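Enquirer: Pasting a structure below so you can have a look.
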Amino acid sequence: MPEAVYDLRGLTVRHLAAGHALALENVDLRIAAGEQVAVIGPSGAGKTTLLATLACTHRPETGAFTALGADPWSLDNRARHKLRARLFLAPQTPPLPPRQRVVTAVLAARLPQWNFWQAAVSLFKPADPEAAFRALSRFNLGDKLYSRVDRLSGGERQRCALARMLLSDAQALLADEPLSALDPALSQLTLATLQQEAASRNAALVCSLHQVELALAHFPRIVALKHGRIAFDLPREQVTDAMIAELYLGELPPANSPLAHEAPATLSGGACL
Ligand SMILES: Nc1ncnc2c1ncn2[C@@H]1O[C@H](COP(=O)(O)OP(=O)(O)OP(=O)(O)O)[C@@H](O)[C@H]1O
Ligand SMILES: [Mg+2]
């Protein structure tokens, strides 16, 4: 069996601010090196929480969790920081420093690999602009190399964060709704780039997606979350229209409601849920 990048057993995660509601409950998940997994499920199902947990930015309440063979929460801060550098999360809304140039923001992915002086100098003179340009070009964003981050559109910011991912040396590539602000052509390009990159470094790729059709078309394994639990975890060939309908059941207004403009989407209907 290939080496596990992640092993989660009976994992429970709670957001403290939410009163006592569980965001993830009894989650079992094993993800091997080189696996490419789409995480789907209705809004509030726990997709972002799962990715934050995999990135070791959110601490589980109970259960067993290992990332790259270590339990991050039993490590000291320094060791956990080193482990996090090998797990890269591109959030849906990347918190990029607003006045920074794109080139600097992208090269910041190399900070964990640099010493203090290299990092300090890079703030004034980008250390390797060619590498940043190559990464941005793979997302059709090479022309923004010297733009200010706060002058990018939402979709450009997202791709800037993904370009940053390419410069990291992470073994787990985690992308939270990387296509949410992209048009169909850019969505295809972005997915293809992420998948090529993950395959080339034999990294685990975990993407949360609202576009169920893209998930099924591009990812061999589908993990579906609902109400913080795994509804199913299957190879895409085994996922049926009925399972998808069930997953989103209750998330749409009833057909006779004035809020329902369209019949619920199905896979064969060609709509995205
Ligand atoms: N910072 C937070 N504080 C308190 N509760 C939170 C926080 N973030 C998420 N939650 C709650 O945890 C649950 C899971 O949220 P999460 O963001 O993981 O869902 P999601 O599947 O990513 O949804 P979406 O598709 O809308 O992005 C929801 O009930 C949400 O309200
Ligand atoms: Mg989310």
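Going by the structure tokens order, chains are called A, B, ..., each with residues numbered from 1, while ligands are numbered from 1 in the order shown.
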List the spatial neighbours of segment 188-193 of chain A as a PyMOL selection string - criterion: any atom at most 12 Å away, only C-alpha atoms, same-chain residues fewer than 3 positions off excluded.

Expert: chain A and resi 36-38+135-141+155-156+158-163+165-166+173+175+177-185+196-200+205-209+211+213-215+217-219

Enquirer: As a quick test: using only C-alpha atoms and all ligand atoms, which residues lie no more than 9 Å away from ligand 1? Give them as a VMD selection string.

Expert: chain A and resid 13 to 19 21 to 24 39 to 52 92 176 to 177 208 to 210 225 to 228

Enquirer: As a VMD selection string, please: the residues near Glu130 of chain A (cut-off 12 Å, only C-alpha atoms, same-chain neighbours under 4 positions excluded).

Expert: chain A and resid 103 to 104 106 to 107 126 134 to 137 142 145 to 146 167

Enquirer: Output N, CA and C atoms for every residue in the selection just made, as a tab-separated table (two decimals), in the first residue's frame.

Expert:
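What landed in selection.tsv:
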chain	number	residue	atom	x	y	z
A	103	VAL	N	4.76	39.08	-7.47
A	103	VAL	CA	6.01	38.31	-7.47
A	103	VAL	C	6.46	38.00	-6.04
A	104	THR	N	6.33	38.98	-5.16
A	104	THR	CA	6.75	38.78	-3.76
A	104	THR	C	5.81	37.80	-3.06
A	106	VAL	N	4.06	35.43	-4.40
A	106	VAL	CA	4.25	34.06	-4.89
A	106	VAL	C	5.53	33.47	-4.30
A	107	LEU	N	6.59	34.27	-4.29
A	107	LEU	CA	7.87	33.76	-3.78
A	107	LEU	C	7.84	33.51	-2.28
A	126	PRO	N	13.01	40.64	-5.23
A	126	PRO	CA	12.58	39.24	-5.37
A	126	PRO	C	13.73	38.32	-5.77
A	134	ARG	N	7.13	31.66	-14.05
A	134	ARG	CA	6.78	30.34	-14.61
A	134	ARG	C	5.54	29.78	-13.91
A	135	ALA	N	5.51	29.94	-12.60
A	135	ALA	CA	4.36	29.41	-11.84
A	135	ALA	C	3.08	30.16	-12.23
A	136	LEU	N	3.18	31.49	-12.32
A	136	LEU	CA	2.00	32.29	-12.68
A	136	LEU	C	1.53	31.96	-14.09
A	137	SER	N	2.49	31.75	-15.00
A	137	SER	CA	2.14	31.46	-16.40
A	137	SER	C	1.34	30.18	-16.51
A	142	GLY	N	0.91	35.22	-16.01
A	142	GLY	CA	2.28	35.72	-16.09
A	142	GLY	C	2.35	37.24	-16.22
A	145	LEU	N	2.85	39.63	-12.98
A	145	LEU	CA	4.01	39.40	-12.10
A	145	LEU	C	4.30	40.59	-11.19
A	146	TYR	N	4.25	41.79	-11.75
A	146	TYR	CA	4.60	42.97	-10.92
A	146	TYR	C	3.38	43.80	-10.52
A	167	LEU	N	5.34	26.78	-5.91
A	167	LEU	CA	6.69	27.06	-5.44
A	167	LEU	C	7.01	26.46	-4.08

Enquirer: Give me every strand (DSSP E) residue in segment 14-160 of chain A, going by DSSP on the backbone, as a list in words.

Expert: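 Restricting segment 14-160 of chain A to strand (DSSP E) produces Arg14, Leu22, Ala23, Leu24, Glu25, Asn26, Val27, Asp28, Leu29, Arg30, Ile31, Ala32, Gln36, Val37, Ala38, Val39, Ile40, Thr62, Gly63, Ala64, Phe65, Thr66, Ala67, Leu87, Phe88, Leu89 and Ala90 of chain A.
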
Enquirer: For a quick check of understanding, using only C-alpha atoms and all ligand atoms, which of A:Ala108, A:Ile230, A:Val102, A:Ala90 has the smallest distance to ligand 2?

Expert: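 Closest to ligand 2 of all the choices is A:Ala90.
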
Enquirer: Where does DSSP see alpha helix (DSSP H) in segment 184-266 of chain A, if you list the residues as a ChimeraX atom specification?

Expert: /A:184-200,212-218,241-248

Enquirer: Those residues you just picked out, can you put them in a file as a PDB file, in the first residue's frame with C-alpha atoms?

Expert:
ATOM      1  CA  PRO A 184     -15.115  27.482 -17.302  1.00  0.00           C
ATOM      2  CA  ALA A 185     -11.957  27.690 -19.439  1.00  0.00           C
ATOM      3  CA  LEU A 186      -9.808  28.864 -16.521  1.00  0.00           C
ATOM      4  CA  SER A 187     -11.385  26.207 -14.300  1.00  0.00           C
ATOM      5  CA  GLN A 188     -10.203  23.497 -16.691  1.00  0.00           C
ATOM      6  CA  LEU A 189      -6.718  25.009 -16.944  1.00  0.00           C
ATOM      7  CA  THR A 190      -6.462  25.408 -13.172  1.00  0.00           C
ATOM      8  CA  LEU A 191      -7.532  21.851 -12.427  1.00  0.00           C
ATOM      9  CA  ALA A 192      -5.195  20.459 -15.070  1.00  0.00           C
ATOM     10  CA  THR A 193      -2.274  22.449 -13.634  1.00  0.00           C
ATOM     11  CA  LEU A 194      -2.973  21.357 -10.066  1.00  0.00           C
ATOM     12  CA  GLN A 195      -3.297  17.735 -11.098  1.00  0.00           C
ATOM     13  CA  GLN A 196      -0.113  17.777 -13.202  1.00  0.00           C
ATOM     14  CA  GLU A 197       1.801  19.370 -10.352  1.00  0.00           C
ATOM     15  CA  ALA A 198       0.527  16.891  -7.779  1.00  0.00           C
ATOM     16  CA  ALA A 199       1.310  13.966 -10.079  1.00  0.00           C
ATOM     17  CA  SER A 200       4.805  15.242 -10.873  1.00  0.00           C
ATOM     18  CA  VAL A 212     -19.847  18.287  -8.821  1.00  0.00           C
ATOM     19  CA  GLU A 213     -19.503  17.599 -12.525  1.00  0.00           C
ATOM     20  CA  LEU A 214     -15.908  18.790 -12.580  1.00  0.00           C
ATOM     21  CA  ALA A 215     -15.176  16.730  -9.493  1.00  0.00           C
ATOM     22  CA  LEU A 216     -16.544  13.601 -11.158  1.00  0.00           C
ATOM     23  CA  ALA A 217     -14.883  14.331 -14.474  1.00  0.00           C
ATOM     24  CA  HIS A 218     -11.407  14.992 -13.073  1.00  0.00           C
ATOM     25  CA  ASP A 241     -26.964  10.485  -9.669  1.00  0.00           C
ATOM     26  CA  ALA A 242     -29.082   9.251  -6.770  1.00  0.00           C
ATOM     27  CA  MET A 243     -26.176   9.631  -4.320  1.00  0.00           C
ATOM     28  CA  ILE A 244     -25.572  13.177  -5.490  1.00  0.00           C
ATOM     29  CA  ALA A 245     -29.269  14.036  -5.266  1.00  0.00           C
ATOM     30  CA  GLU A 246     -29.370  12.586  -1.738  1.00  0.00           C
ATOM     31  CA  LEU A 247     -26.265  14.532  -0.760  1.00  0.00           C
ATOM     32  CA  TYR A 248     -27.848  17.846  -1.662  1.00  0.00           C
TER      33      TYR A 248
END
